[in-house]
Each structure stands twice: as C-alpha cells, then as structure tokens.
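Participant: Take a look at this one; I'll ask things after.
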Amino acid sequence: SQQGEEDPQALSIQEGENATMNCSYKTSINNLQWYRQNSGRGLVHLILIRSNEREKHSGRLRVTLDTSKKSSSLLITASRAADTASYFCATSSNFGNEKLTFGTGTRLTIIP
Amino acid sequence: ETGVTQTPRHLVMGMTNKKSLKCEQHLGHNAMYWYKQSAKKPLELMFVYSLEERVENNSVPSRFSPECPNSSHLFLHLHTLQPEDSALYLCASSSGQGDTEAFFGQGTRLTVV
C-alpha cells in the first residue's frame with residue numbers, strides 16, 4: 001500500500017528560485033529518504049533523515065521531518081536546469097531489512 | 001553509475017513469450033529488490049530478497065517469477081504477460097540493515113505487445 005504521498009504532483013519554477021516539495025506518510029517510520037529520477041532512468045538517493053532528526057542539509061538540499069505531523073519537506077535552493085527531474089520520498093519501517101515504500105513523486109521542471 | 005546493473009535496458013515481448021530480466025550488484029549488499037514503475041502510479045515493491053531468501057512477495061501474479069541464485073544476482077522471469085504489465089522494472093540493492101539507502105539500476109523498459 002502507498003505510504004508516502006508527495007505534494008505538489010508537478011512544479012515549474014524559474015532557474016535560480018527555490019523549490020519546495022512535501023511528503024506525507026501514514027505509519028511510524030525508521031527513516032525517510034528522498035530520491036531523484038531523471039526521465040526513464042533509475043532512482044538516485046539524495047538524502048536520508050532519521051526519525052529522531054528534524055532537519056538535515058546536503059549541499060543545496062534541505063530536508064525537514066515532522067514526525068508528529070507525519071510529513072517531510074525537501075527544499076532545493078538556487079535551482080538549476082539540471083535539477084529538472086522527478087523527486088520521490090520513501091519511508092522505511094525497518095523490520096530486519098530495508099523495505100522502502102515510495103510515493104507518486106513530484107515532477108519538477110526548472111525553466112532556464 | 002550506481003553499482004547496480006540491469007539488462008536488458010529495453011525489452012519488447014509478445015504475450016506468449018518467456019523472457020528474463022537480470023540484475024547484478026557487486027556492492028556487497030545483502031538485500032535485493034524488484035520494483036515496478038507504471039505511469040502516474042507509485043513505485044510498487046514486487047519482491048524482496050535478503051541473504052538470498054525471499055522475504056517479501058506483494059501479491060504479485062505468478063506470471064512474474066523471481067530468482068536469487070546468490071547475493072549478487074537477481075532475476076525476474078516473465079511468461080504469458082499481459083499488455084498492462086508494460087512498465088519500467090527497477091532493481092535495487094541495499095545493505096539490508098537500518099538507516100541505509102537503496103541503490104537502483106537504470107531499469108528495464110518492458111513493452112508487452
């Protein structure tokens with residue numbers, strides 16, 4: 001069953017602007033991860049935030065996690081045309097192996 | 001390059017054909033996964049193998065048959081598929097332990113005609 005749900009489904013912004021994507025989930029998690037997918041390709045891991053963390057940074061990426069609201073956000077600052085891709089959140093409820101459950105994704109388009 | 005290799009990249013098959021998708025990783029991971037990605041739907045987890053033992057089978061039709069002969073290789077055998085099975089099939093691997101990421105292959109674009 002679907003765990004994560006991204007919002008918005010699609011987002012178009014001008015190059016240089018910041019892009020914010022949100023993810024909501026339903027059950028308790030061990031960690032939440034964000035992935036990126038270029039069209040028709042495999043997913044690439046961006047960042048992982050544990051359930052006891054509230055914020056994490058990696059380069060131009062900033063992720064927040066609010067376990068009380070069961071939500072997360074991914075902020076990409078100073079967007080570039082190369083950031084155009086689909087972004088997925090995935091939750092892990094670790095029961096001996098990493099079973100990741102993905103949402104439907106946000107399609108981000110950066111307009112040069 | 002993520003260290004997970006899938007072949008073939010593209011596959012067109014008839015409904016009566018039998019074909020296999022292959023996935024290979026040399027990352028020393030213990031867990032391997034098959035996902036199905038259809039248009040406008042979330043990634044669907046199909047199968048999970050941990051230490052070569054199947055630990056998850058999410059009500060996948062029997063026309064999909066996984067095989068994990070060792071911790072580095074994972075296959076998905078296909079037979080008598082339907083047109084609605086056309087999708088991007090993604091293989092992934094992970095260490096199988098907590099708080100680690102999954103590494104995905106580039107996927108096999110399958111078209112059933």
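Residue numbering restarts at 1 in every chain; chains get A, B, ... in the order shown in the structure tokens, and ligands count up from 1 in that same order.
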Identify all chain B residues at most 6 Å from chain A by counting only C-alpha atoms; ligands do not count. Present them as a VMD selection string.
Facilitator: chain B and resid 41 to 43 96 to 97 104 to 107
Participant: Taking only C-alpha atoms into account, name the residue in B:Thr7, B:His73, B:Leu27, B:Lys40 that is nearest to Ala87 in chain B.
Facilitator: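 For Ala87 in chain B, the nearest of the candidates is B:Lys40.
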Participant: Which residue, B:Val4, B:Glu67, B:Ser95, B:Leu11, has the smallest gap to Asn30 in chain B when you use only C-alpha atoms?
Facilitator: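 That would be B:Ser95, the residue with the smallest distance to Asn30 in chain B.
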Participant: Tell me, in Å to one decimal, how far CA of Ser73 in chain A is from CA of His57 in chain A.
Facilitator: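 One can read the CA of Ser73 in chain A to CA of His57 in chain A distance as 11.8 Å.
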Participant: Set the distance at 12 Å and use only C-alpha atoms: which residues neighbour Ser86 in chain B once local chain neighbours fewer than 3 positions away are removed? I'd like the list as a list in words.
Facilitator: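 Here the qualifying residues turn out to be His10, Leu11, Val12, Met13, Gly14, Met15, Lys36, Gln37, Ser38, Ala39, Leu78, Leu81, Gln82, Pro83, Tyr89, Thr108, Arg109, Leu110, Thr111, Val112 and Val113 of chain B.
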Participant: Would you please work out which residue, of B:Ser71, B:Gln6, B:Thr16, B:Asn58, is nearest to Ser94 in chain B when using only C-alpha atoms?
Facilitator: B:Ser71
Participant: If I take CA of Asp83 in chain A and CA of Pro112 in chain A, how far is one from the other in Å, to one decimal?
Facilitator: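 Here the two named atoms are 10.9 Å from each other.
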Participant: So that I can check the secondary structure, give me every residue of chain A assigned strand (DSSP E) by backbone DSSP, as a VMD selection string.
Facilitator: chain A and resid 5 to 7 10 to 14 19 to 24 31 to 37 43 to 50 55 to 58 61 to 66 71 to 76 85 to 92 100 to 102 106 to 111
Participant: Now that the selection is made, can you save its residues with C-alpha atoms as a compact mmCIF listing (two decimals), in the first residue's frame?
Facilitator:
# COMPACT_ATOMS: atom_id res chain seq x y z
CA GLU A 5 2.44 10.99 -0.93
CA GLU A 6 4.20 13.96 -2.47
CA ASP A 7 2.76 17.39 -2.97
CA ALA A 10 4.11 18.93 -10.56
CA LEU A 11 6.07 22.12 -10.02
CA SER A 12 7.57 24.57 -12.52
CA ILE A 13 9.86 27.38 -11.39
CA GLN A 14 12.42 29.76 -12.87
CA ALA A 19 11.81 24.60 -4.98
CA THR A 20 9.91 23.05 -2.10
CA MET A 21 8.29 19.64 -2.21
CA ASN A 22 6.31 18.00 0.55
CA CYS A 23 5.72 14.42 1.55
CA SER A 24 3.15 12.96 3.90
CA ASN A 31 13.76 6.91 8.44
CA LEU A 32 12.61 8.90 5.44
CA GLN A 33 14.60 9.22 2.25
CA TRP A 34 14.41 11.40 -0.82
CA TYR A 35 15.30 10.14 -4.27
CA ARG A 36 15.59 11.75 -7.66
CA GLN A 37 14.74 10.19 -11.01
CA LEU A 43 16.38 6.43 -8.88
CA VAL A 44 19.29 8.13 -7.20
CA HIS A 45 19.44 8.60 -3.45
CA LEU A 46 19.67 12.21 -2.31
CA ILE A 47 19.38 12.32 1.44
CA LEU A 48 18.22 10.28 4.43
CA ILE A 49 16.76 11.68 7.62
CA ARG A 50 16.24 9.52 10.67
CA GLU A 55 16.45 18.81 9.79
CA LYS A 56 19.30 17.82 7.54
CA HIS A 57 21.37 19.60 4.91
CA SER A 58 23.35 18.37 1.95
CA LEU A 61 19.30 20.38 -0.31
CA ARG A 62 17.50 20.88 2.96
CA VAL A 63 15.17 18.25 4.38
CA THR A 64 12.87 18.61 7.35
CA LEU A 65 10.94 15.93 9.18
CA ASP A 66 7.96 16.38 11.48
CA SER A 71 5.37 14.93 6.99
CA SER A 72 8.65 15.93 5.39
CA SER A 73 9.77 18.63 3.03
CA LEU A 74 12.61 18.84 0.53
CA LEU A 75 13.96 22.28 -0.33
CA ILE A 76 16.26 22.78 -3.29
CA ALA A 85 13.58 15.53 -12.60
CA SER A 86 11.01 13.66 -10.53
CA TYR A 87 11.53 13.59 -6.80
CA PHE A 88 10.25 10.82 -4.55
CA CYS A 89 10.07 10.38 -0.84
CA ALA A 90 10.40 6.89 0.56
CA THR A 91 9.78 5.66 4.05
CA SER A 92 11.45 2.83 5.83
CA LEU A 100 11.19 1.23 1.15
CA THR A 101 7.72 2.44 0.29
CA PHE A 102 7.54 5.23 -2.28
CA THR A 106 6.77 15.42 -7.71
CA ARG A 107 7.72 16.32 -11.25
CA LEU A 108 9.99 19.38 -11.02
CA THR A 109 10.70 21.50 -14.10
CA ILE A 110 13.27 24.27 -13.94
CA ILE A 111 12.76 26.89 -16.61
Participant: Show me, as a ChimeraX atom specification, the residues that have an atom within 10 Å of Pro69 in chain B when counting only C-alpha atoms, minus same-chain residues fewer than 4 positions from it.
Facilitator: /B:52-53,73-75
